[in-house]
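> Once you've had a glance at the structure underneath, I'll fire off some questions.
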Amino acid sequence: MMNRRPQTDNNSFSAHIPNWYWIKGLHDARIVEIYEIKTNARKDNRWISNEIVMVLDASQAMFDTSIKSIAFQNSKILTDGGLVPGNTWWYRDMLEKKDGKYQLEICYSNEKGKGIITIRFEDCIVCRE
């Protein structure tokens, strides 16, 4: 598993952090919107069938304030924990690689309490300021 720093456990993730990962962390970034784009595009010799896009307001994040959105390619939401974008804040995440795909678990909080959203995806595009 990875929680802002690489873990060297051979069963979960290599010692290399993906270049798109927000190494400083997104604690207190607001999750503004989540939507899915269906596509049938080819990029770098692979097909992209969909993207789940998470729009963030990271201006009040404790560490990485540069991220505007994250697009998870060939993705699927495994659990959403009742996530309602808007007044929802990211407070922790864990990234791991399983069977050639990434799995990101985002812990969040809102006025209803805390929850977890889990997204499985092949690649990621992070839009920064």
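All residue names refer to the structure tokens as shown: chains lettered A, B, ... in order, residues numbered from 1 in each chain, ligands numbered from 1 in order.
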Set the distance at 12 Å and use only C-alpha atoms: which residues neighbour Val84 in chain A once local chain neighbours fewer than 4 positions away are removed? I'd like the list as a PyMOL selection string.
chain A and resi 30-35+54+80+88-90+108-117
> Let me make sure I understand: among A:Thr65, A:Asn50, A:Asn87, A:Gln60, which one has the smallest atom-to-atom distance to Glu122 in chain A if we use only C-alpha atoms?
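Between A:Thr65, A:Asn50, A:Asn87, A:Gln60, the residue approaching Glu122 in chain A most closely is A:Asn50.
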> Neighbours of range 39-45 of chain A within 12 Å (only C-alpha atoms; same-chain residues fewer than 3 positions away dropped), as a ChimeraX atom specification?
/A:36,48-52,73-75,123
> Identify, with DSSP run on backbone atoms, the residues in range 1-87 of chain A assigned to strand (DSSP E), and express the list as number ranges by chain.
A: 29-43, 46-57, 67-73, 76-79
> Rank A:His16, A:Asp28, A:Ile23, A:Phe72 by their smallest atom-to-atom distance to Cys124 in chain A, using only C-alpha atoms, and report the top residue only.
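Nearest to Cys124 in chain A: A:Phe72.
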> For Lys97 in chain A, which of A:Met62, A:Ile125, A:Ile67, A:Ile119 is the closest residue, counting only C-alpha atoms?
A:Ile119
> Report, in Å to a single decimal, how far apart CA of Gly100 in chain A and CA of Leu26 in chain A are.
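Straight-line distance from CA of Leu26 in chain A to CA of Gly100 in chain A works out to 24.5 Å.
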